[in-house]
file run29.tsv (TSV, C-alpha atoms)
chain	number	residue	atom	x	y	z
A	1	MET	CA	-9.07	3.08	4.33
A	2	CYS	CA	-12.68	1.93	4.01
A	3	HIS	CA	-13.45	5.32	2.43
A	4	SER	CA	-11.71	4.17	-0.76
A	5	PHE	CA	-14.06	1.17	-0.96
A	6	ILE	CA	-17.15	3.36	-1.32
A	7	ALA	CA	-15.81	6.60	-2.89
A	8	GLU	CA	-16.70	5.73	-6.49
A	9	THR	CA	-20.11	4.35	-5.47
A	10	VAL	CA	-20.91	7.55	-3.52
A	11	THR	CA	-19.95	9.86	-6.41
A	12	GLU	CA	-21.84	7.68	-8.91
A	13	ASN	CA	-24.95	7.93	-6.72
A	14	ARG	CA	-24.62	11.74	-6.49
A	15	ASN	CA	-24.23	11.90	-10.28
A	16	LYS	CA	-27.35	9.80	-10.67
A	17	ASP	CA	-29.22	12.21	-8.35
A	18	GLY	CA	-28.32	15.07	-10.69
A	19	GLY	CA	-25.46	16.42	-8.60
A	20	ASN	CA	-22.78	18.62	-10.13
A	21	ILE	CA	-20.16	15.86	-10.26
A	22	SER	CA	-18.64	13.43	-12.76
A	23	LYS	CA	-19.81	9.81	-12.61
A	24	HIS	CA	-16.20	8.63	-12.18
A	25	ALA	CA	-15.12	11.43	-9.81
A	26	GLY	CA	-14.36	8.81	-7.15
A	27	TYR	CA	-11.71	7.27	-9.39
A	28	TYR	CA	-10.32	10.68	-10.36
A	29	ALA	CA	-10.19	11.91	-6.75
A	30	ALA	CA	-8.34	8.77	-5.65
A	31	CYS	CA	-6.00	9.26	-8.60
A	32	MET	CA	-5.31	12.79	-7.32
A	33	VAL	CA	-4.59	11.42	-3.84
A	34	TYR	CA	-1.84	9.26	-5.29
A	35	ALA	CA	-0.58	11.94	-7.67
A	36	SER	CA	-0.26	14.51	-4.87
A	37	SER	CA	1.22	11.85	-2.57
A	38	LEU	CA	3.79	11.30	-5.33
A	39	ILE	CA	4.73	15.01	-5.13
A	40	SER	CA	4.73	14.89	-1.33
A	41	ASN	CA	7.10	11.92	-1.30
A	42	VAL	CA	9.67	13.99	-3.21
A	43	VAL	CA	9.82	16.54	-0.37
A	44	ALA	CA	9.06	14.19	2.53
A	45	PRO	CA	12.65	13.35	3.53
A	46	PRO	CA	13.56	16.99	4.42
A	47	ILE	CA	10.44	17.86	6.02
A	48	VAL	CA	-23.30	17.19	-0.58
A	49	HIS	CA	-24.08	18.02	-3.03
A	50	VAL	CA	-20.49	17.17	-3.45
A	51	ILE	CA	-18.88	20.04	-5.34
A	52	GLU	CA	-16.44	18.30	-7.65
A	53	TRP	CA	-13.50	20.65	-7.21
A	54	TYR	CA	-13.88	20.58	-3.40
A	55	LEU	CA	-13.55	16.82	-3.64
A	56	TYR	CA	-10.46	17.06	-5.82
A	57	GLY	CA	-8.89	19.72	-3.57
A	58	GLY	CA	-9.44	17.53	-0.51
A	59	ALA	CA	-7.96	14.57	-2.37
A	60	ILE	CA	-4.82	16.57	-3.18
A	61	ALA	CA	-4.43	17.61	0.48
A	62	ASP	CA	-4.97	14.00	1.53
A	63	GLY	CA	-2.25	12.83	-0.83
A	64	LEU	CA	0.25	15.46	0.31
A	65	VAL	CA	-0.21	14.44	3.94
A	66	ALA	CA	-0.12	10.74	3.07
A	67	GLY	CA	3.32	11.06	1.49
A	68	LEU	CA	4.73	12.63	4.65
A	69	MET	CA	2.93	10.18	6.94
A	70	TRP	CA	4.08	6.99	5.19
A	71	THR	CA	7.69	8.15	5.15
A	72	ALA	CA	7.54	9.11	8.83
A	73	VAL	CA	5.92	5.81	9.82
A	74	GLY	CA	8.55	3.80	7.94
A	75	GLN	CA	11.37	5.83	9.48
A	76	TYR	CA	9.90	5.46	12.98
A	77	MET	CA	9.63	1.68	12.53
A	78	ALA	CA	13.22	1.43	11.28
A	79	MET	CA	14.53	3.49	14.22
A	80	ASN	CA	12.88	1.09	16.66
A	81	SER	CA	14.07	-2.10	14.94
A	82	ASP	CA	17.24	-4.07	14.28
A	83	GLU	CA	17.95	-6.70	11.64
A	84	LYS	CA	16.43	-9.48	13.77
A	85	THR	CA	13.22	-7.65	14.67
A	86	VAL	CA	12.58	-5.59	11.54
A	87	GLY	CA	10.65	-8.39	9.80
A	88	ARG	CA	8.32	-8.82	12.76
A	89	ASN	CA	7.94	-5.08	13.33
A	90	SER	CA	7.23	-4.25	9.69
A	91	SER	CA	4.58	-6.98	9.47
A	92	MET	CA	2.91	-5.90	12.71
A	93	MET	CA	3.08	-2.22	11.75
A	94	TYR	CA	1.45	-2.78	8.38
A	95	MET	CA	-1.12	-5.12	9.95
A	96	ILE	CA	-2.12	-2.43	12.46
A	97	ILE	CA	-2.35	0.22	9.72
A	98	MET	CA	-4.42	-1.92	7.39
A	99	SER	CA	-6.62	-3.36	10.15
A	100	GLY	CA	-8.59	-0.18	9.52
A	101	THR	CA	-10.22	-2.08	6.66
A	102	LEU	CA	-11.57	-4.61	9.18
A	103	TRP	CA	-12.99	-2.03	11.60
A	104	GLY	CA	-14.08	0.19	8.71
A	105	GLY	CA	-15.87	-2.73	7.10
A	106	GLY	CA	-17.68	-3.37	10.38
A	107	PHE	CA	-18.74	0.28	10.45
A	108	LEU	CA	-20.02	0.14	6.86
A	109	LEU	CA	-21.89	-3.07	7.64
A	110	ALA	CA	-23.56	-1.37	10.61
A	111	MET	CA	-24.49	1.57	8.36
A	112	PHE	CA	-25.88	-0.47	5.46
A	113	GLY	CA	-26.86	-3.80	6.99
A	114	GLY	CA	-30.34	-2.76	8.11
A	115	LYS	CA	-31.25	-0.80	4.98
A	116	ASP	CA	-33.02	-2.10	1.90
A	117	ASP	CA	-32.03	0.99	-0.09
A	118	ARG	CA	-29.25	0.10	-2.51
A	119	GLU	CA	-28.22	3.73	-3.04
A	120	ILE	CA	-26.05	5.78	-0.66
A	121	THR	CA	-28.22	8.76	0.24
A	122	GLU	CA	-26.90	12.23	0.93
A	123	SER	CA	-27.77	12.03	4.65
A	124	THR	CA	-25.89	8.72	4.94
A	125	GLN	CA	-22.98	10.29	3.12
A	126	TYR	CA	-22.72	13.04	5.78
A	127	VAL	CA	-22.64	10.48	8.59
A	128	LEU	CA	-19.98	8.41	6.81
A	129	TYR	CA	-17.61	11.29	6.16
A	130	GLY	CA	-18.20	12.81	9.59
A	131	VAL	CA	-17.02	9.57	11.20
A	132	PHE	CA	-14.06	9.33	8.79
A	133	THR	CA	-13.01	12.87	9.79
A	134	GLY	CA	-13.29	12.12	13.51
A	135	VAL	CA	-11.21	8.95	13.22
A	136	SER	CA	-8.56	10.82	11.21
A	137	LEU	CA	-8.27	13.47	13.93
A	138	LEU	CA	-7.93	10.76	16.59
A	139	GLY	CA	-5.15	9.11	14.57
A	140	ALA	CA	-3.30	12.43	14.30
A	141	ILE	CA	-3.48	12.90	18.07
A	142	ILE	CA	-2.12	9.38	18.69
A	143	LEU	CA	0.72	10.05	16.25
A	144	LEU	CA	1.66	13.17	18.22
A	145	VAL	CA	2.01	11.29	21.53
A	146	LEU	CA	4.12	8.39	20.24
A	147	PRO	CA	7.29	8.04	22.37
A	148	ASN	CA	10.64	8.97	20.88
A	149	PRO	CA	12.98	6.06	20.08
A	150	PRO	CA	15.89	5.51	22.50
A	151	THR	CA	19.03	7.52	21.73
A	152	ASN	CA	22.62	7.23	22.85
A	153	PRO	CA	24.93	10.16	23.76
A	154	SER	CA	26.62	10.17	20.33
A	155	ASP	CA	23.22	10.53	18.64
A	156	GLU	CA	22.32	13.44	20.92
A	157	LYS	CA	25.58	15.21	20.08
A	158	LYS	CA	24.90	14.69	16.38
A	159	LEU	CA	21.39	16.17	16.78
A	160	GLU	CA	22.87	19.22	18.56
A	161	ALA	CA	25.39	19.66	15.76
A	162	ASP	CA	22.66	19.26	13.15
A	163	GLY	CA	20.63	21.95	14.89
A	164	GLU	CA	23.42	24.47	14.19
A	165	LYS	CA	23.51	23.69	10.46
A	166	ASN	CA	21.85	25.65	7.69
A	167	HIS	CA	18.45	23.98	7.34
A	168	TRP	CA	18.09	24.94	3.68
A	169	GLY	CA	21.44	23.28	3.09
A	170	GLU	CA	20.12	20.15	4.80
A	171	VAL	CA	17.06	20.16	2.54
A	172	ALA	CA	19.27	20.35	-0.54
A	173	GLU	CA	21.49	17.60	0.86
A	174	GLU	CA	18.52	15.29	1.50
A	175	LEU	CA	17.19	15.83	-2.03
A	176	TYR	CA	20.65	15.16	-3.42
A	177	LYS	CA	20.87	11.90	-1.46
A	178	SER	CA	17.47	10.86	-2.79
A	179	ALA	CA	18.51	11.65	-6.36
A	180	ARG	CA	21.72	9.65	-5.95
A	181	LEU	CA	19.83	6.70	-4.50
A	182	VAL	CA	17.06	6.53	-7.11
A	183	ILE	CA	19.47	6.09	-10.04
A	184	THR	CA	21.19	3.02	-8.58
A	185	PHE	CA	20.44	-0.41	-10.04
A	186	ASP	CA	19.88	-1.91	-6.59
A	187	PHE	CA	17.16	0.59	-5.81
A	188	LEU	CA	15.54	0.03	-9.21
A	189	LEU	CA	15.08	-3.61	-8.20
A	190	ILE	CA	13.06	-2.62	-5.11
A	191	ALA	CA	11.31	0.24	-6.96
A	192	ILE	CA	9.60	-2.29	-9.26
A	193	PRO	CA	7.71	-4.15	-6.48
A	194	SER	CA	7.13	-0.80	-4.71
A	195	ALA	CA	5.44	0.52	-7.85
A	196	PHE	CA	3.39	-2.65	-8.14
A	197	THR	CA	2.02	-2.17	-4.61
A	198	GLY	CA	0.42	1.04	-5.90
A	199	ILE	CA	-1.38	-0.89	-8.64
A	200	GLU	CA	-2.55	-3.76	-6.44
A	201	LEU	CA	-3.68	-1.45	-3.61
A	202	SER	CA	-5.60	0.79	-6.01
A	203	PHE	CA	-7.25	-2.28	-7.50
A	204	TRP	CA	-8.44	-3.99	-4.31
A	205	SER	CA	-9.35	-0.75	-2.51
A	206	GLY	CA	-10.94	1.13	-5.43
A	207	VAL	CA	-11.59	-0.79	-8.62
A	208	TYR	CA	-12.66	-4.12	-7.11
A	209	PRO	CA	-15.25	-2.77	-4.60
A	210	THR	CA	-16.68	-0.56	-7.35
A	211	SER	CA	-16.94	-3.59	-9.64
A	212	LEU	CA	-18.83	-5.48	-6.94
A	213	SER	CA	-21.24	-2.56	-6.60
A	214	PHE	CA	-21.74	-2.26	-10.37
A	215	THR	CA	-22.37	-6.01	-10.92
A	216	LYS	CA	-26.18	-6.09	-11.01
A	217	GLN	CA	-26.28	-9.90	-10.88
A	218	PHE	CA	-25.34	-9.65	-7.19
A	219	HIS	CA	-28.58	-7.74	-6.46
A	220	SER	CA	-30.64	-10.94	-6.39
A	221	GLN	CA	-28.30	-12.33	-3.70
A	222	ILE	CA	-27.35	-9.36	-1.50
A	223	ASN	CA	-27.50	-5.58	-1.14
A	224	THR	CA	-24.29	-4.52	-2.90
A	225	ASN	CA	-23.58	-1.85	-0.26
A	226	VAL	CA	-23.54	-4.68	2.30
A	227	LEU	CA	-21.34	-6.70	-0.08
A	228	ILE	CA	-18.83	-3.83	-0.18
A	229	ALA	CA	-18.81	-3.77	3.64
A	230	LEU	CA	-18.31	-7.55	3.83
A	231	ASN	CA	-15.52	-7.34	1.26
A	232	CYS	CA	-13.87	-4.62	3.33
A	233	ILE	CA	-14.00	-6.95	6.36
A	234	ALA	CA	-12.63	-9.85	4.28
A	235	VAL	CA	-9.69	-7.72	3.14
A	236	GLY	CA	-9.08	-6.65	6.75
A	237	CYS	CA	-9.07	-10.29	7.91
A	238	GLY	CA	-6.53	-11.12	5.19
A	239	GLU	CA	-4.34	-8.22	6.30
A	240	LEU	CA	-4.66	-9.34	9.92
A	241	LEU	CA	-3.74	-12.95	9.18
A	242	GLY	CA	-0.82	-11.86	7.00
A	243	GLY	CA	0.49	-9.60	9.76
A	244	LEU	CA	0.26	-12.37	12.34
A	245	ILE	CA	1.94	-14.99	10.14
A	246	PHE	CA	4.75	-12.78	8.86
A	247	GLY	CA	5.17	-11.27	12.32
A	248	VAL	CA	5.65	-14.71	13.88
A	249	PHE	CA	8.04	-15.83	11.14
A	250	GLY	CA	9.75	-12.45	10.83
A	251	ARG	CA	13.00	-13.71	12.40
A	252	LYS	CA	13.15	-16.59	9.94
A	253	GLY	CA	12.97	-14.06	7.14
A	254	ALA	CA	16.34	-12.70	8.25
A	255	LYS	CA	17.83	-16.23	8.05
A	256	ILE	CA	16.27	-17.85	4.98
A	257	GLY	CA	15.49	-14.62	3.11
A	258	ARG	CA	12.21	-12.94	2.31
A	259	SER	CA	11.82	-14.21	-1.25
A	260	PRO	CA	10.07	-17.49	-0.22
A	261	PHE	CA	7.40	-15.43	1.56
A	262	MET	CA	7.05	-13.23	-1.51
A	263	TRP	CA	6.60	-16.24	-3.79
A	264	PHE	CA	3.99	-17.71	-1.45
A	265	GLY	CA	2.01	-14.46	-1.49
A	266	THR	CA	2.43	-14.09	-5.25
A	267	ILE	CA	1.02	-17.56	-5.97
A	268	LEU	CA	-2.01	-16.79	-3.81
A	269	SER	CA	-2.52	-13.44	-5.53
A	270	ILE	CA	-2.46	-15.09	-8.96
A	271	ILE	CA	-5.20	-17.48	-7.78
A	272	ALA	CA	-7.26	-14.50	-6.56
A	273	TYR	CA	-6.85	-12.56	-9.82
A	274	ILE	CA	-7.95	-15.58	-11.87
A	275	LEU	CA	-11.02	-16.06	-9.65
A	276	VAL	CA	-11.94	-12.37	-10.03
A	277	TRP	CA	-11.55	-12.76	-13.81
A	278	LEU	CA	-13.98	-15.69	-13.79
A	279	ASN	CA	-16.43	-14.14	-11.31
A	280	ILE	CA	-16.80	-10.46	-12.29
A	281	PRO	CA	-17.99	-9.25	-15.74
A	282	GLY	CA	-15.58	-7.06	-17.69
A	283	PRO	CA	-17.66	-3.82	-17.89
A	284	ALA	CA	-18.30	-3.78	-14.11
A	285	SER	CA	-15.26	-1.59	-13.45
A	286	ILE	CA	-16.69	1.07	-15.79
A	287	ASP	CA	-20.47	1.08	-15.37
A	288	LYS	CA	-23.38	-0.90	-13.95
A	289	THR	CA	-23.97	-4.10	-15.91
A	290	TYR	CA	-26.18	-7.19	-15.95
A	291	GLU	CA	-23.56	-9.20	-17.84
A	292	VAL	CA	-21.92	-12.30	-16.37
A	293	SER	CA	-18.37	-13.53	-16.76
A	294	THR	CA	-17.32	-17.19	-17.06
A	295	PHE	CA	-19.74	-18.19	-14.33
A	296	HIS	CA	-22.56	-16.42	-12.50
A	297	PRO	CA	-21.26	-13.87	-9.95
A	298	ASN	CA	-20.82	-15.65	-6.63
A	299	VAL	CA	-20.71	-13.81	-3.27
A	300	PRO	CA	-18.49	-16.32	-1.35
A	301	ILE	CA	-15.93	-16.33	-4.19
A	302	ALA	CA	-15.96	-12.51	-4.26
A	303	LEU	CA	-15.22	-12.40	-0.52
A	304	ILE	CA	-12.50	-15.08	-0.75
A	305	CYS	CA	-10.79	-12.98	-3.43
A	306	GLY	CA	-10.92	-9.92	-1.16
A	307	PHE	CA	-9.41	-11.96	1.69
A	308	ILE	CA	-6.52	-13.23	-0.46
A	309	MET	CA	-5.79	-9.77	-1.87
A	310	GLY	CA	-5.63	-8.40	1.68
A	311	PHE	CA	-3.25	-11.21	2.71
A	312	PHE	CA	-0.99	-10.58	-0.28
A	313	ASP	CA	-1.01	-6.82	0.32
A	314	ASN	CA	0.37	-7.36	3.83
A	315	CYS	CA	2.89	-9.87	2.50
A	316	ILE	CA	4.43	-7.69	-0.21
A	317	ASN	CA	4.41	-4.45	1.79
A	318	SER	CA	5.88	-5.93	4.99
A	319	MET	CA	8.63	-7.64	2.96
A	320	ILE	CA	9.48	-4.35	1.20
A	321	TYR	CA	9.54	-2.42	4.49
A	322	ALA	CA	11.84	-5.01	6.10
A	323	TYR	CA	14.10	-5.14	3.03
A	324	ILE	CA	14.56	-1.36	2.95
A	325	ALA	CA	15.20	-1.13	6.71
A	326	VAL	CA	18.04	-3.68	6.43
A	327	GLN	CA	19.60	-2.79	3.08
A	328	TYR	CA	19.36	0.98	3.40
A	329	GLU	CA	20.33	1.45	7.03
A	330	GLY	CA	21.25	5.10	7.42
A	331	GLN	CA	19.27	6.01	4.30
A	332	THR	CA	15.83	4.82	5.37
A	333	LYS	CA	14.18	8.24	5.02
A	334	GLN	CA	15.21	8.55	1.41
A	335	ALA	CA	14.52	4.89	0.59
A	336	TYR	CA	11.02	4.84	2.15
A	337	ALA	CA	10.09	8.13	0.50
A	338	LEU	CA	11.25	6.95	-2.93
A	339	SER	CA	9.51	3.61	-2.46
A	340	LYS	CA	6.24	5.42	-1.75
A	341	PHE	CA	6.93	7.78	-4.64
A	342	PHE	CA	6.81	4.88	-7.10
A	343	HIS	CA	3.88	3.36	-5.17
A	344	SER	CA	1.92	6.61	-5.57
A	345	LEU	CA	2.92	7.04	-9.21
A	346	LEU	CA	1.54	3.67	-10.31
A	347	GLY	CA	-1.42	3.95	-7.91
A	348	ALA	CA	-2.45	7.20	-9.61
A	349	VAL	CA	-2.08	5.63	-13.04
A	350	CYS	CA	-4.19	2.62	-12.01
A	351	LEU	CA	-7.02	4.76	-10.68
A	352	PHE	CA	-6.93	6.96	-13.77
A	353	TYR	CA	-7.53	3.99	-16.06
A	354	GLY	CA	-9.75	2.24	-13.46
A	355	GLY	CA	-12.93	3.66	-14.95
A	356	LYS	CA	-11.80	3.25	-18.55
A	357	PHE	CA	-10.41	-0.32	-18.83
A	358	THR	CA	-12.43	-3.51	-18.36
A	359	ILE	CA	-11.64	-5.50	-15.26
A	360	GLN	CA	-10.04	-8.27	-17.35
A	361	THR	CA	-7.59	-5.77	-18.86
A	362	GLN	CA	-6.67	-4.53	-15.39
A	363	LEU	CA	-6.28	-8.10	-14.13
A	364	SER	CA	-3.90	-8.83	-17.02
A	365	ILE	CA	-1.73	-5.93	-15.84
A	366	LEU	CA	-1.83	-7.29	-12.29
A	367	LEU	CA	-0.90	-10.82	-13.35
A	368	VAL	CA	2.15	-9.63	-15.26
A	369	GLY	CA	3.08	-7.11	-12.57
A	370	THR	CA	2.99	-9.56	-9.67
A	371	VAL	CA	5.37	-12.00	-11.41
A	372	VAL	CA	7.80	-9.26	-12.51
A	373	SER	CA	7.74	-7.81	-8.97
A	374	VAL	CA	8.63	-11.03	-7.17
A	375	ILE	CA	11.46	-11.78	-9.63
A	376	SER	CA	12.84	-8.26	-9.19
A	377	PHE	CA	12.59	-8.56	-5.39
A	378	GLN	CA	14.35	-11.92	-5.34
A	379	TYR	CA	17.17	-10.72	-7.59
A	380	GLY	CA	17.65	-7.64	-5.41
A	381	GLU	CA	17.82	-9.76	-2.26
A	382	LEU	CA	20.34	-12.15	-3.86
A	383	ARG	CA	22.55	-9.19	-4.84
A	384	PHE	CA	22.36	-7.82	-1.29
A	385	LYS	CA	23.33	-11.18	0.23
A	386	ARG	CA	26.23	-11.54	-2.21
A	387	LYS	CA	27.55	-8.09	-1.34
A	388	ARG	CA	27.26	-8.85	2.36
A	389	ARG	CA	29.19	-12.13	1.98
A	390	LEU	CA	31.94	-10.38	0.01
A	391	ALA	CA	32.17	-7.63	2.65
A	392	ALA	CA	32.39	-10.24	5.44
A	393	ALA	CA	35.08	-12.16	3.51
A	394	THR	CA	37.09	-8.94	2.99
A	395	ILE	CA	36.95	-8.10	6.69
A	396	SER	CA	37.98	-11.64	7.60
A	397	SER	CA	40.90	-11.48	5.15
A	398	ASP	CA	42.06	-8.15	6.56
A	399	ASN	CA	41.96	-9.50	10.11
A	400	THR	CA	43.95	-12.56	9.09
A	401	GLY	CA	46.58	-10.35	7.44
A	402	GLU	CA	46.91	-8.30	10.61
A	403	GLU	CA	47.45	-11.46	12.67
A	404	TRP	CA	50.22	-12.60	10.29
A	405	ASP	CA	51.88	-9.16	10.53
A	406	LYS	CA	51.90	-9.43	14.31
A	407	PHE	CA	53.41	-12.94	14.11
call {"tool": "encode", "arguments": {"input": "run29.tsv", "output": "structure tokens"}}
result
Amino acid sequence: MCHSFIAETVTENRNKDGGNISKHAGYYAACMVYASSLISNVVAPPIVHVIEWYLYGGAIADGLVAGLMWTAVGQYMAMNSDEKTVGRNSSMMYMIIMSGTLWGGGFLLAMFGGKDDREITESTQYVLYGVFTGVSLLGAIILLVLPNPPTNPSDEKKLEADGEKNHWGEVAEELYKSARLVITFDFLLIAIPSAFTGIELSFWSGVYPTSLSFTKQFHSQINTNVLIALNCIAVGCGELLGGLIFGVFGRKGAKIGRSPFMWFGTILSIIAYILVWLNIPGPASIDKTYEVSTFHPNVPIALICGFIMGFFDNCINSMIYAYIAVQYEGQTKQAYALSKFFHSLLGAVCLFYGGKFTIQTQLSILLVGTVVSVISFQYGELRFKRKRRLAAATISSDNTGEEWDKF
């Protein structure tokens, strides 16, 4: 995850050194990650000199794998949860995943903390990406040795029966189920906040760290490479705190609903976006600038904003994961894949315009998006609760009728 914090800075440095690469290749590569992840999420349920096109090809491969991984992780979590534990498990799962920003930030701080050089040299780049590759391989090995969820005899018989089916027919069936699900109004309500998570993640992991690096007024206070590392740690701490809080109160989410938690996170995110607006100059998302915004760029405020954005990211994603696991029981593969499809779609769009729009324009999109998302989530949850009450009342009425017939 910490790779996304420095990708645009690395490619900008290589462009400055005369390398054969676009200045905003970091944005474009991250955009390709999300775009290819978008494609991967469609098929997930059934199944330097930096050379610029090598970078883009690797980004596409990364995105394809990410789509499969996120769907598999969500499905694995749902299979090991019930309605009472899903809130806790989704929060803890997302906290563990995103804690990589904390450890990654510590790694970046160790790499840059003792250097006065404000540029990322080619030799440093090799060390960074060598470590990223090694950690990725370790993660893949751990994923392979995860224990299977408990099964009962009926599930085993179903798996044996499924093994005798035509697998191409199963693929077509899964795609058909996904297509049926995506056109429902109920899923549209959860697709809106899912899409917004793509925008907010792309902003805090790509656009915001780049803006910190490009704000020259920070140079008199701190090495901006160190600032990126500290911001990465701040985001990780926010993710960690969010996971702990929502993990502890996960059971209450099943009783009182998840909308209050969403509103709490949304209010905090609005505060963070306003502070970023006041603290970071508009052109900083596009190019290096000596301009100032409303007040002089302030390091503590920049780190507080990173912390809040990390906290909100855990809040909204853990609530969405828990919501899908409960509402779409039996359809979690399709629902998680489609959720990540919309996440990837808007994430790609955000990173495409990341190097073209001023940071204030992007913050305006975030401010509108966060409010629309929480309203959509709350309405979807209210509809789900209403349907559940009606179903319970119907069952109760049927049972009463049977008792009268016996009498």
call {"tool": "closest_residue", "arguments": {"input": "run29.tsv", "among": "A:Gln360, A:Asn89, A:Asn80, A:Ser269", "to": "Phe307 of chain A", "atoms": "only C-alpha atoms"}}
result
A:Ser269
call {"tool": "closest_residue", "arguments": {"input": "run29.tsv", "among": "A:Ala272, A:Thr215, A:Leu240, A:Leu345", "to": "Thr370 of chain A", "atoms": "only C-alpha atoms"}}
result
A:Ala272
call {"tool": "closest_residue", "arguments": {"input": "run29.tsv", "among": "A:Val248, A:Val371, A:Tyr176, A:Gln217", "to": "Ser293 of chain A", "atoms": "all atoms listed in the file"}}
result
A:Gln217
call {"tool": "closest_residue", "arguments": {"input": "run29.tsv", "among": "A:Phe214, A:Tyr129, A:Phe187, A:Phe352", "to": "Glu291 of chain A", "atoms": "all atoms listed in the file"}}
result
A:Phe214
call {"tool": "atom_distance", "arguments": {"input": "run29.tsv", "atom1": "atom CA of Phe112 of chain A", "atom2": "atom CA of Ile222 of chain A"}}
result
11.4 Å
call {"tool": "atom_distance", "arguments": {"input": "run29.tsv", "atom1": "atom CA of Cys350 of chain A", "atom2": "atom CA of Gln125 of chain A"}}
result
25.3 Å
call {"tool": "residues_around", "arguments": {"input": "run29.tsv", "residues": "Gly310 of chain A", "least_positions_apart": "3", "cutoff": "6 Å", "atoms": "all atoms listed in the file", "output": "PyMOL selection string"}}
result
chain A and resi 235+238-239+307+313
call {"tool": "residues_near_point", "arguments": {"input": "run29.tsv", "point": "(-14.0, -1.3, -18.8)", "cutoff": "9 Å", "atoms": "all atoms listed in the file", "output": "PyMOL selection string"}}
result
chain A and resi 282-287+353-362
call {"tool": "write_last_selection", "arguments": {"input": "run29.tsv", "atoms": "C-alpha atoms", "output": "PDB file, in the coordinates of the input"}}
result
ATOM      1  CA  GLY A 282     -15.580  -7.060 -17.690  1.00  0.00           C
ATOM      2  CA  PRO A 283     -17.660  -3.820 -17.890  1.00  0.00           C
ATOM      3  CA  ALA A 284     -18.300  -3.780 -14.110  1.00  0.00           C
ATOM      4  CA  SER A 285     -15.260  -1.590 -13.450  1.00  0.00           C
ATOM      5  CA  ILE A 286     -16.690   1.070 -15.790  1.00  0.00           C
ATOM      6  CA  ASP A 287     -20.470   1.080 -15.370  1.00  0.00           C
ATOM      7  CA  TYR A 353      -7.530   3.990 -16.060  1.00  0.00           C
ATOM      8  CA  GLY A 354      -9.750   2.240 -13.460  1.00  0.00           C
ATOM      9  CA  GLY A 355     -12.930   3.660 -14.950  1.00  0.00           C
ATOM     10  CA  LYS A 356     -11.800   3.250 -18.550  1.00  0.00           C
ATOM     11  CA  PHE A 357     -10.410  -0.320 -18.830  1.00  0.00           C
ATOM     12  CA  THR A 358     -12.430  -3.510 -18.360  1.00  0.00           C
ATOM     13  CA  ILE A 359     -11.640  -5.500 -15.260  1.00  0.00           C
ATOM     14  CA  GLN A 360     -10.040  -8.270 -17.350  1.00  0.00           C
ATOM     15  CA  THR A 361      -7.590  -5.770 -18.860  1.00  0.00           C
ATOM     16  CA  GLN A 362      -6.670  -4.530 -15.390  1.00  0.00           C
TER      17      GLN A 362
END
call {"tool": "atom_distance", "arguments": {"input": "run29.tsv", "atom1": "atom CA of Ala325 of chain A", "atom2": "atom CA of Ile141 of chain A"}}
result
26.0 Å
call {"tool": "axis_aligned_box", "arguments": {"input": "run29.tsv", "around": "segment 301-312 of chain A", "padding_each_side": "3 Å", "output": "AutoDock Vina command-line options"}}
result
--center_x -8.5 --center_y -12.4 --center_z -0.8 --size_x 21.0 --size_y 13.9 --size_z 13.0
call {"tool": "closest_residue", "arguments": {"input": "run29.tsv", "among": "A:Leu137, A:Leu128, A:Cys237, A:Met93", "to": "Ala322 of chain A", "atoms": "all atoms listed in the file"}}
result
A:Met93
call {"tool": "closest_residue", "arguments": {"input": "run29.tsv", "among": "A:Gly306, A:Pro193, A:Gly139, A:Gly265", "to": "Leu212 of chain A", "atoms": "all atoms listed in the file"}}
result
A:Gly306
call {"tool": "residues_around", "arguments": {"input": "run29.tsv", "residues": "Asn148 of chain A", "least_positions_apart": "5", "cutoff": "12 Å", "atoms": "all atoms listed in the file", "output": "ChimeraX atom specification"}}
result
/A:75-77,79-80,143
